[in-house]
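Coordinates as given in model-v3.txt (compact mmCIF, C-alpha atoms):
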# COMPACT_ATOMS: atom_id res chain seq x y z
CA MET A 711 15.87 25.94 -19.75
CA ASN A 712 14.22 29.23 -18.91
CA SER A 713 11.52 28.86 -16.28
CA HIS A 714 8.92 30.65 -18.42
CA SER A 715 9.99 29.57 -21.89
CA PRO A 716 7.48 27.89 -24.22
CA ALA A 717 9.71 24.80 -24.14
CA ALA A 718 9.42 24.66 -20.32
CA ASP A 719 5.66 25.09 -20.57
CA ALA A 720 5.47 22.29 -23.10
CA ALA A 721 7.57 20.01 -20.87
CA VAL A 722 5.18 20.63 -17.96
CA GLU A 723 2.14 19.93 -20.16
CA ARG A 724 3.75 16.74 -21.50
CA TYR A 725 4.51 15.57 -17.96
CA LEU A 726 0.95 16.26 -16.76
CA GLU A 727 -0.49 14.57 -19.85
CA ARG A 728 1.48 11.44 -19.00
CA ILE A 729 0.10 11.61 -15.47
CA ARG A 730 -3.43 11.81 -16.93
CA GLU A 731 -2.69 8.82 -19.15
CA GLY A 732 -1.43 6.87 -16.16
CA LEU A 733 -4.56 7.69 -14.17
CA ARG A 734 -6.99 6.70 -16.93
CA GLY A 735 -10.02 4.98 -15.48
CA MET A 736 -10.05 7.02 -12.27
CA PRO A 737 -12.88 9.55 -11.71
CA ARG A 738 -12.37 12.77 -13.67
CA SER A 739 -12.64 15.04 -10.62
CA GLU A 740 -9.94 13.05 -8.79
CA VAL A 741 -7.59 13.17 -11.78
CA ASP A 742 -8.16 16.94 -12.23
CA ASP A 743 -7.36 17.52 -8.56
CA ILE A 744 -4.13 15.48 -8.75
CA VAL A 745 -3.00 17.28 -11.92
CA ARG A 746 -3.81 20.68 -10.42
CA GLU A 747 -1.78 19.86 -7.30
CA LEU A 748 1.23 18.65 -9.30
CA ARG A 749 1.06 21.74 -11.52
CA ALA A 750 0.97 23.95 -8.43
CA HIS A 751 3.98 22.04 -7.03
CA VAL A 752 5.99 22.63 -10.22
CA GLU A 753 5.10 26.36 -10.26
CA GLU A 754 5.87 26.79 -6.59
CA ARG A 755 9.12 24.88 -6.67
CA SER A 756 10.43 26.48 -9.86
CA GLU A 757 9.78 29.96 -8.46
CA ALA A 758 11.53 29.21 -5.19
CA GLU A 759 14.27 26.76 -6.12
CA GLY A 760 15.16 26.84 -9.81
CA ASP A 761 13.60 26.01 -13.14
CA ARG A 762 10.65 23.88 -14.12
CA GLU A 763 12.79 21.17 -15.61
CA SER A 764 14.44 20.40 -12.28
CA ALA A 765 11.02 20.60 -10.58
CA LEU A 766 9.72 17.95 -12.99
CA ARG A 767 12.84 15.83 -12.52
CA SER A 768 12.45 15.91 -8.76
CA LEU A 769 8.85 14.68 -9.06
CA GLY A 770 10.20 11.56 -10.74
CA ASP A 771 8.96 9.45 -13.63
CA PRO A 772 5.30 10.40 -14.36
CA ALA A 773 4.31 6.79 -15.12
CA GLU A 774 5.69 5.67 -11.74
CA LEU A 775 4.03 8.56 -9.91
CA ALA A 776 0.68 7.76 -11.55
CA ARG A 777 1.20 4.12 -10.57
CA GLN A 778 1.63 5.16 -6.93
CA TYR A 779 -1.68 7.04 -7.03
CA ARG A 780 -3.37 4.04 -8.59
CA LYS A 781 -1.90 1.75 -5.97
CA GLU A 782 -3.33 3.90 -3.19
CA ARG A 783 -6.71 3.69 -4.90
CA VAL A 784 -6.51 -0.09 -5.29
CA VAL A 785 -5.58 -0.50 -1.63
CA ARG A 786 -8.49 1.72 -0.58
CA ARG A 787 -10.91 -0.27 -2.71
CA VAL A 788 -9.74 -3.60 -1.31
CA GLU A 789 -9.87 -2.29 2.25
CA CYS A 790 -13.45 -1.05 1.79
CA SER A 791 -14.78 -4.10 -0.02
CA ARG A 792 -15.50 -7.59 1.33
CA SER A 793 -15.52 -9.02 -2.16
CA PRO A 794 -12.97 -11.73 -3.03
CA LEU A 795 -12.93 -10.31 -6.56
CA ALA A 796 -11.64 -6.98 -5.20
CA VAL A 797 -8.80 -8.79 -3.40
CA LEU A 798 -7.88 -10.80 -6.50
CA HIS A 799 -8.10 -7.71 -8.70
CA GLY A 800 -5.89 -5.79 -6.25
CA LEU A 801 -3.30 -8.57 -6.27
CA LEU A 802 -3.43 -8.68 -10.07
CA LEU A 803 -2.85 -4.92 -10.36
CA LEU A 804 -0.07 -4.78 -7.75
CA ARG A 805 1.71 -8.01 -8.70
CA GLY A 806 4.56 -6.14 -10.41
CA ARG A 807 6.97 -8.19 -12.46
CA SER A 808 8.04 -10.53 -9.69
CA VAL A 809 7.42 -14.25 -9.47
CA ALA A 810 6.40 -13.66 -5.86
CA GLY A 811 3.58 -11.35 -7.02
CA TRP A 812 2.20 -14.06 -9.29
CA ALA A 813 2.63 -16.66 -6.54
CA ALA A 814 0.62 -14.48 -4.12
CA LEU A 815 -2.13 -14.11 -6.71
CA LEU A 816 -2.17 -17.88 -7.31
CA LEU A 817 -2.26 -18.63 -3.57
CA ALA A 818 -5.17 -16.26 -2.99
CA GLY A 819 -6.97 -17.75 -6.01
CA LEU A 820 -6.50 -21.25 -4.59
CA GLY A 821 -7.71 -20.06 -1.17
CA TYR A 822 -10.94 -18.72 -2.61
CA ALA A 823 -11.39 -21.73 -4.93
CA TRP A 824 -11.12 -24.08 -1.95
CA ALA A 825 -13.55 -21.95 0.03
CA ILE A 826 -16.09 -22.18 -2.81
CA ALA A 827 -15.54 -25.95 -3.09
CA LEU A 828 -16.12 -26.44 0.65
CA ALA A 829 -19.29 -24.33 0.67
CA ALA A 830 -20.61 -26.08 -2.44
CA ALA A 831 -19.93 -29.52 -0.90
CA ALA A 832 -21.69 -28.49 2.34
CA VAL A 833 -24.78 -27.36 0.43
CA ASP A 834 -24.72 -30.38 -1.91
CA LYS A 835 -24.56 -32.71 1.09
CA VAL A 836 -28.10 -31.63 2.02
CA PHE A 837 -29.44 -32.67 -1.41
CA GLU A 838 -27.20 -35.67 -2.15
CA PRO A 839 -26.26 -37.04 1.28
CA ARG A 840 -25.07 -40.42 -0.07
CA ASP A 841 -22.75 -39.07 -2.71
CA VAL A 842 -21.12 -36.14 -0.95
CA GLY A 843 -18.60 -36.59 1.83
CA LEU A 844 -15.06 -36.71 3.05
CA TRP A 845 -14.09 -40.16 1.88
CA LEU A 846 -11.18 -42.34 2.97
CA ASP A 847 -10.20 -45.08 0.51
CA PRO A 848 -9.37 -48.53 1.97
CA GLY A 849 -5.69 -48.53 2.88
CA GLY A 850 -5.41 -44.83 2.13
CA TRP A 851 -4.39 -42.14 4.59
CA LEU A 852 -5.49 -38.94 2.84
CA PRO A 853 -9.26 -38.26 2.96
CA ARG A 854 -10.79 -36.74 -0.19
CA LEU A 855 -13.72 -34.43 -0.60
CA ARG A 856 -15.92 -36.07 -3.23
CA VAL A 857 -19.36 -35.35 -4.60
CA ASP A 858 -19.70 -38.37 -6.90
CA GLY A 859 -20.25 -41.22 -4.46
CA PRO A 860 -18.14 -43.45 -2.27
CA GLY A 861 -15.81 -44.87 -4.94
CA PRO A 862 -14.31 -48.39 -4.49
CA PRO A 863 -15.87 -50.82 -1.98
CA GLY A 864 -14.63 -50.31 1.56
CA THR A 865 -14.40 -46.55 1.27
CA ARG A 866 -15.45 -44.88 4.50
CA GLU A 867 -17.15 -41.53 4.95
CA LEU A 868 -15.64 -39.64 7.88
CA LEU A 869 -17.86 -36.68 8.69
CA GLY A 870 -21.49 -37.58 7.94
CA TRP A 871 -23.82 -34.64 8.44
CA TRP A 872 -21.03 -32.76 10.20
CA LEU A 873 -19.79 -31.91 6.72
CA VAL A 874 -22.51 -29.27 6.45
CA PRO A 875 -21.59 -27.04 9.42
CA LEU A 876 -17.87 -27.82 9.26
CA GLY A 877 -17.76 -27.12 5.51
CA LEU A 878 -19.45 -23.77 5.96
CA VAL A 879 -17.23 -22.78 8.90
CA ALA A 880 -14.08 -23.87 7.01
CA CYS A 881 -15.26 -21.82 4.02
CA ALA A 882 -15.71 -18.70 6.17
CA VAL A 883 -12.31 -19.20 7.84
CA LEU A 884 -10.60 -19.71 4.49
CA VAL A 885 -12.24 -16.63 2.97
CA SER A 886 -11.16 -14.55 5.95
CA LEU A 887 -7.58 -15.89 5.95
CA THR A 888 -7.25 -15.39 2.19
CA ARG A 889 -8.48 -11.81 2.48
CA ARG A 890 -6.00 -11.11 5.29
CA PHE A 891 -3.19 -12.60 3.27
CA GLY A 892 -4.23 -10.57 0.20
CA LEU A 893 -4.41 -7.32 2.18
CA TRP A 894 -1.06 -8.00 3.83
CA TRP A 895 0.54 -8.59 0.44
CA ILE A 896 -1.12 -5.54 -1.13
CA HIS A 897 0.06 -3.26 1.72
CA ARG A 898 3.52 -4.77 1.45
CA SER A 899 3.81 -4.13 -2.28
CA ARG A 900 2.49 -0.58 -1.91
CA ASP A 901 4.88 0.34 0.91
CA ARG A 902 7.92 -1.16 -0.77
CA ARG A 903 7.82 1.57 -3.40
CA ALA A 904 7.84 4.66 -1.10
CA SER A 905 11.18 6.26 -1.97
CA ILE A 906 13.20 7.54 0.91
CA THR A 907 16.78 8.76 0.79
CA THR A 908 19.05 8.12 3.74
CA MET B 971 34.12 -13.03 -7.54
CA ALA B 972 31.93 -13.98 -4.62
CA SER B 973 33.21 -11.10 -2.56
CA ALA B 974 32.62 -8.68 -5.47
CA MET B 975 29.02 -9.89 -5.68
CA ARG B 976 28.62 -9.51 -1.97
CA GLN B 977 29.82 -5.91 -2.18
CA GLN B 978 26.97 -5.07 -4.56
CA GLU B 979 24.38 -6.13 -1.99
CA PRO B 980 22.92 -3.12 -0.13
CA ASP B 981 24.43 -2.63 3.29
CA PRO B 982 22.07 -4.28 5.84
CA VAL B 983 22.34 -1.21 8.10
CA ASP B 984 21.29 1.04 5.19
CA LYS B 985 18.36 -1.25 4.44
CA TRP B 986 17.36 -1.17 8.09
CA GLU B 987 17.59 2.61 8.18
CA VAL B 988 15.33 2.94 5.11
CA GLN B 989 12.75 0.62 6.71
CA LEU B 990 12.93 2.59 9.95
CA ARG B 991 12.40 5.90 8.15
CA LYS B 992 9.54 4.50 6.08
CA GLY B 993 7.87 3.35 9.27
CA CYS B 994 8.09 6.86 10.73
CA LEU B 995 6.87 8.71 7.66
CA GLU B 996 3.20 8.84 8.58
CA LEU B 997 3.99 10.11 12.07
CA ALA B 998 6.41 12.70 10.66
CA ILE B 999 3.78 14.06 8.25
CA LEU B 1000 1.14 14.20 10.97
CA GLY B 1001 3.70 15.88 13.22
CA SER B 1002 4.65 18.48 10.62
CA LEU B 1003 0.96 19.48 10.32
CA TRP B 1004 0.47 19.77 14.09
CA GLY B 1005 1.15 23.52 14.09
CA GLY B 1006 -1.35 24.29 11.34
CA ARG B 1007 -2.10 23.87 7.65
CA GLN B 1008 0.69 23.35 5.11
CA TYR B 1009 0.91 22.57 1.39
CA GLY B 1010 2.88 19.72 -0.17
CA LEU B 1011 6.19 21.48 -0.82
CA GLU B 1012 6.14 23.02 2.66
CA ILE B 1013 5.63 19.57 4.20
CA LEU B 1014 8.51 18.16 2.15
CA ARG B 1015 10.90 20.92 3.21
CA ARG B 1016 9.78 20.69 6.83
CA LEU B 1017 10.46 16.94 6.87
CA GLU B 1018 13.90 17.47 5.37
CA ARG B 1019 14.78 20.23 7.83
CA ASP B 1020 13.42 18.80 11.06
CA SER B 1021 13.44 15.04 10.66
CA GLU B 1022 16.11 14.28 8.06
CA LEU B 1023 13.45 12.47 6.05
CA VAL B 1024 14.29 13.15 2.43
CA LEU B 1025 11.47 11.90 0.23
CA SER B 1026 11.47 11.65 -3.50
CA GLU B 1027 9.16 14.61 -4.11
CA GLY B 1028 6.51 12.72 -6.05
CA THR B 1029 6.11 10.24 -3.19
CA VAL B 1030 4.60 12.71 -0.76
CA TYR B 1031 1.47 13.46 -2.82
CA PRO B 1032 0.01 9.93 -3.09
CA LEU B 1033 0.84 9.56 0.61
CA LEU B 1034 -1.07 12.75 1.48
CA ALA B 1035 -3.97 11.45 -0.63
CA ARG B 1036 -3.92 8.22 1.43
CA LEU B 1037 -3.91 10.05 4.77
CA LYS B 1038 -6.78 12.18 3.50
CA SER B 1039 -8.83 9.18 2.42
CA ASP B 1040 -8.15 7.60 5.83
CA GLY B 1041 -9.82 10.67 7.34
CA LEU B 1042 -6.67 11.89 9.10
CA LEU B 1043 -6.22 14.97 6.91
CA ASP B 1044 -8.47 17.50 5.27
CA SER B 1045 -7.52 19.68 2.33
CA GLU B 1046 -8.59 22.95 0.76
CA TRP B 1047 -7.50 24.93 -2.29
CA VAL B 1048 -6.40 28.49 -1.57
CA GLU B 1049 -5.64 31.11 -4.22
CA THR B 1050 -2.38 32.93 -3.52
CA GLU B 1051 -1.07 36.35 -4.49
CA SER B 1052 1.64 34.75 -6.63
CA GLY B 1053 -1.08 33.64 -9.04
CA HIS B 1054 -1.14 29.88 -8.56
CA PRO B 1055 -3.31 28.01 -6.09
CA ARG B 1056 -2.03 25.89 -3.23
CA LYS B 1057 -3.62 22.78 -1.82
CA TYR B 1058 -3.34 23.08 1.93
CA TYR B 1059 -3.59 20.10 4.26
CA ARG B 1060 -4.61 20.17 7.89
CA LEU B 1061 -5.14 17.55 10.58
CA THR B 1062 -8.71 16.44 11.25
CA ALA B 1063 -9.81 15.66 14.83
CA SER B 1064 -9.09 12.02 14.14
CA GLY B 1065 -5.69 12.96 12.65
CA ARG B 1066 -4.80 14.87 15.82
CA ARG B 1067 -5.79 11.90 17.96
CA ARG B 1068 -3.71 9.56 15.79
CA ALA B 1069 -0.72 11.93 15.92
CA VAL B 1070 -0.87 12.06 19.74
CA GLN B 1071 -1.20 8.27 20.04
CA MET B 1072 1.68 7.61 17.67
CA GLY B 1073 3.81 10.38 19.16
CA ARG B 1074 3.39 8.98 22.68
CA LEU B 1075 4.21 5.47 21.55
CA TRP B 1076 7.29 6.71 19.74
CA ALA B 1077 8.49 8.75 22.73
CA ARG B 1078 8.01 5.85 25.14
CA PHE B 1079 9.66 3.34 22.85
CA SER B 1080 12.64 5.51 21.96
CA ALA B 1081 13.19 6.45 25.64
CA SER B 1082 13.32 2.81 26.74
CA LEU B 1083 15.45 1.81 23.77
CA GLY B 1084 17.73 4.77 24.56
CA GLU B 1085 18.30 3.39 28.07
CA LEU B 1086 19.12 -0.01 26.68
CA LEU B 1087 21.58 1.45 24.21
CA THR B 1088 23.37 3.92 26.50
CA PRO B 1089 26.16 1.49 27.57
CA LEU B 1090 26.61 0.28 24.00
CA LEU B 1091 26.95 3.83 22.69
CA LYS B 1092 29.45 4.76 25.43
CA GLU B 1093 31.66 1.71 24.95
CA GLY B 1094 31.31 1.59 21.17
CA ARG B 1095 32.99 4.97 20.62
Any chance you could give the structure as C-alpha cells?
Amino acid sequence: MNSHSPAADAAVERYLERIREGLRGMPRSEVDDIVRELRAHVEERSEAEGDRESALRSLGDPAELARQYRKERVVRRVECSRSPLAVLHGLLLLRGRSVAGWAALLLAGLGYAWAIALAAAAVDKVFEPRDVGLWLDPGGWLPRLRVDGPGPPGTRELLGWWLVPLGLVACAVLVSLTRRFGLWWIHRSRDRRASITT
Amino acid sequence: MASAMRQQEPDPVDKWEVQLRKGCLELAILGSLWGGRQYGLEILRRLERDSELVLSEGTVYPLLARLKSDGLLDSEWVETESGHPRKYYRLTASGRRRAVQMGRLWARFSASLGELLTPLLKEGR
C-alpha cells in the first residue's frame, strides 16, 4: 500500500475511529489528544520506516489499545478515590474474561457487605441494645451477629456494649483491607497486559 | 501426550525474563528521558537500542500517559518542519528524583547480585 494513497488514508482514519469508539465516555479533550498522538506516530513512523499499514499493524489492535488507555484511567480513578463503589467499578471493568476476575469482584463485594453489616450492627446496638449482639447458641461454637434478639433460651451475648466500638473498628479495617486487595488486583490486571518481547 | 502438553507451556525462564523486563520498564523510560525531551517513537527506538526492551508500539503511549498523570512527566506539542506535530515528553522535577532513586536502587541491587552470581557464571560456562 502506498504511504500516501487514499486507501492508506482511509485505513488510518478507520483505525483512529475505532480508537475513538473504544474511548467513548472519556473526556473529549483527552480523546482528541490521544488520537492526535497516535496519528502523529503513524505519520512519523511511516515516513521513517515504511508505509502506514505497517505503522498501524505495529500499534496493534485498536480495541486493545483503547482498552489499555481505559485501564490506566480506571486505575487512576480508583487510586484517587476512597469510595468503595470506585473499587468495585474498577474490578468490574478490569475483570476480563477470567473466573479469577469475577472471584476478585465477589470477594471485594463480600468485604464491603460485611463492613456495612458490622457498622450497621454497631449503630443499631445503641438503639436496640437487647436485640443486637454477637450471640452464641447453647452448645454451639460459632457466634452469630444478630439484630433480631437472642434466639432460643440459653443463648449468650458475648460482647455487650463492646460491640459498638469493636464493630466500627472492624468495619474500618475491613474497608481498608478490601480497598488494598482491590487496588492490588487492579494493578495486577493492568500490568499483566503490557506487551514486551524478549 | 503429557510431555507434548508440557512442551506448550511457556519456558519458565522466558516468563521470568518478561516479568523482569516489565519491572524495569518505568525506570528505562525515565532513564531514556534523562538527557532531554523525546517523543513516543524516539523513546521506543531508544529503549530498543540501549536496553533491549522491545515494546509492542501501542503499549508505550498508555504507559507515558500514566507516568504523566503520576506527575513524573510533562508533555508539550511541538509543530515540526515535516508538517506533523510531535508530542514531546520531559521529566518533571519529581520524575528526575524518581529516576535517581530507582537508578541507585537498581545499580546497588545488580552490583550485589552480580557478586553473588560471579562464581556461578564462571563455572556454568
Distance in Å - atom CA of Leu1087 of chain B versus atom CA of Ala1069 of chain B: 26.0 Å
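Proximity ranking of B:Ala1081, B:Leu995, B:Val1024, B:Val983 relative to chain A places B:Val1024 first, based on only C-alpha atoms.
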Could you work out an axis-aligned box for segment 774-777 of chain A, taking every atom the file lists and adding 3 Å on each side, and report centre and edge lengths in Å to one decimal, as AutoDock Vina command-line options?
--center_x 3.2 --center_y 6.3 --center_z -10.8 --size_x 11.0 --size_y 10.4 --size_z 7.8
With all atoms listed in the file considered, list every residue of chain A at most 12 Å from chain B, as an NGL selection string. :A and (729 or 740-741 or 743-759 or 764-787 or 789-790 or 898 or 900-908)
Sphere at (2.5, 21.0, 4.8), radius 12 Å, counting all atoms listed in the file: residues as a PDB file with C-alpha atoms, in the coordinates of the input:
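New file part_21.pdb:
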ATOM      1  CA  HIS A 751       3.980  22.040  -7.030  1.00  0.00           C
TER       2      HIS A 751
ATOM      3  CA  ALA B 998       6.410  12.700  10.660  1.00  0.00           C
ATOM      4  CA  ILE B 999       3.780  14.060   8.250  1.00  0.00           C
ATOM      5  CA  LEU B1000       1.140  14.200  10.970  1.00  0.00           C
ATOM      6  CA  GLY B1001       3.700  15.880  13.220  1.00  0.00           C
ATOM      7  CA  SER B1002       4.650  18.480  10.620  1.00  0.00           C
ATOM      8  CA  LEU B1003       0.960  19.480  10.320  1.00  0.00           C
ATOM      9  CA  TRP B1004       0.470  19.770  14.090  1.00  0.00           C
ATOM     10  CA  GLY B1005       1.150  23.520  14.090  1.00  0.00           C
ATOM     11  CA  GLY B1006      -1.350  24.290  11.340  1.00  0.00           C
ATOM     12  CA  ARG B1007      -2.100  23.870   7.650  1.00  0.00           C
ATOM     13  CA  GLN B1008       0.690  23.350   5.110  1.00  0.00           C
ATOM     14  CA  TYR B1009       0.910  22.570   1.390  1.00  0.00           C
ATOM     15  CA  GLY B1010       2.880  19.720  -0.170  1.00  0.00           C
ATOM     16  CA  LEU B1011       6.190  21.480  -0.820  1.00  0.00           C
ATOM     17  CA  GLU B1012       6.140  23.020   2.660  1.00  0.00           C
ATOM     18  CA  ILE B1013       5.630  19.570   4.200  1.00  0.00           C
ATOM     19  CA  LEU B1014       8.510  18.160   2.150  1.00  0.00           C
ATOM     20  CA  ARG B1015      10.900  20.920   3.210  1.00  0.00           C
ATOM     21  CA  ARG B1016       9.780  20.690   6.830  1.00  0.00           C
ATOM     22  CA  LEU B1017      10.460  16.940   6.870  1.00  0.00           C
ATOM     23  CA  GLU B1018      13.900  17.470   5.370  1.00  0.00           C
ATOM     24  CA  VAL B1030       4.600  12.710  -0.760  1.00  0.00           C
ATOM     25  CA  TYR B1031       1.470  13.460  -2.820  1.00  0.00           C
ATOM     26  CA  LEU B1034      -1.070  12.750   1.480  1.00  0.00           C
ATOM     27  CA  LEU B1043      -6.220  14.970   6.910  1.00  0.00           C
ATOM     28  CA  ASP B1044      -8.470  17.500   5.270  1.00  0.00           C
ATOM     29  CA  SER B1045      -7.520  19.680   2.330  1.00  0.00           C
ATOM     30  CA  GLU B1046      -8.590  22.950   0.760  1.00  0.00           C
ATOM     31  CA  ARG B1056      -2.030  25.890  -3.230  1.00  0.00           C
ATOM     32  CA  LYS B1057      -3.620  22.780  -1.820  1.00  0.00           C
ATOM     33  CA  TYR B1058      -3.340  23.080   1.930  1.00  0.00           C
ATOM     34  CA  TYR B1059      -3.590  20.100   4.260  1.00  0.00           C
ATOM     35  CA  ARG B1060      -4.610  20.170   7.890  1.00  0.00           C
ATOM     36  CA  LEU B1061      -5.140  17.550  10.580  1.00  0.00           C
TER      37      LEU B1061
END
What does the distance between atom CA of Ala721 of chain A and atom CA of Ser739 of chain A come to in Å, to one decimal place?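 A separation of 23.2 Å between them.
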Straight-line distance linking atom CA of Ser899 of chain A with atom CA of Met1072 of chain B, stated in Å to one decimal: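 So the two atoms, atom CA of Ser899 of chain A and atom CA of Met1072 of chain B, lie 23.2 Å apart.
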Close residues, Leu817 of chain A itself excluded, 12 Å, only C-alpha atoms, min 2 positions apart in chain, as an mmCIF file with C-alpha atoms, in the frame of the given file:
data_model
loop_
_atom_site.group_PDB
_atom_site.id
_atom_site.type_symbol
_atom_site.label_atom_id
_atom_site.label_comp_id
_atom_site.auth_asym_id
_atom_site.auth_seq_id
_atom_site.Cartn_x
_atom_site.Cartn_y
_atom_site.Cartn_z
ATOM 1 C CA VAL A 797 -8.800 -8.790 -3.400
ATOM 2 C CA LEU A 798 -7.880 -10.800 -6.500
ATOM 3 C CA LEU A 801 -3.300 -8.570 -6.270
ATOM 4 C CA LEU A 802 -3.430 -8.680 -10.070
ATOM 5 C CA ALA A 810 6.400 -13.660 -5.860
ATOM 6 C CA GLY A 811 3.580 -11.350 -7.020
ATOM 7 C CA TRP A 812 2.200 -14.060 -9.290
ATOM 8 C CA ALA A 813 2.630 -16.660 -6.540
ATOM 9 C CA ALA A 814 0.620 -14.480 -4.120
ATOM 10 C CA LEU A 815 -2.130 -14.110 -6.710
ATOM 11 C CA GLY A 819 -6.970 -17.750 -6.010
ATOM 12 C CA LEU A 820 -6.500 -21.250 -4.590
ATOM 13 C CA GLY A 821 -7.710 -20.060 -1.170
ATOM 14 C CA TYR A 822 -10.940 -18.720 -2.610
ATOM 15 C CA ALA A 823 -11.390 -21.730 -4.930
ATOM 16 C CA TRP A 824 -11.120 -24.080 -1.950
ATOM 17 C CA LEU A 884 -10.600 -19.710 4.490
ATOM 18 C CA LEU A 887 -7.580 -15.890 5.950
ATOM 19 C CA THR A 888 -7.250 -15.390 2.190
ATOM 20 C CA ARG A 889 -8.480 -11.810 2.480
ATOM 21 C CA PHE A 891 -3.190 -12.600 3.270
ATOM 22 C CA GLY A 892 -4.230 -10.570 0.200
ATOM 23 C CA TRP A 895 0.540 -8.590 0.440
#
List the neighbours of Val857 of chain A out to 9 Å using only C-alpha atoms; skip same-chain residues closer than 2 positions along the sequence, and give me the result as a PyMOL selection string. chain A and resi 831+834-835+838+840-844+855+859-860
Minimum-distance residue to Arg1066 of chain B, chosen among B:Leu1083, B:Val1048, B:Leu997, B:Leu1090 (using all atoms listed in the file): B:Leu997
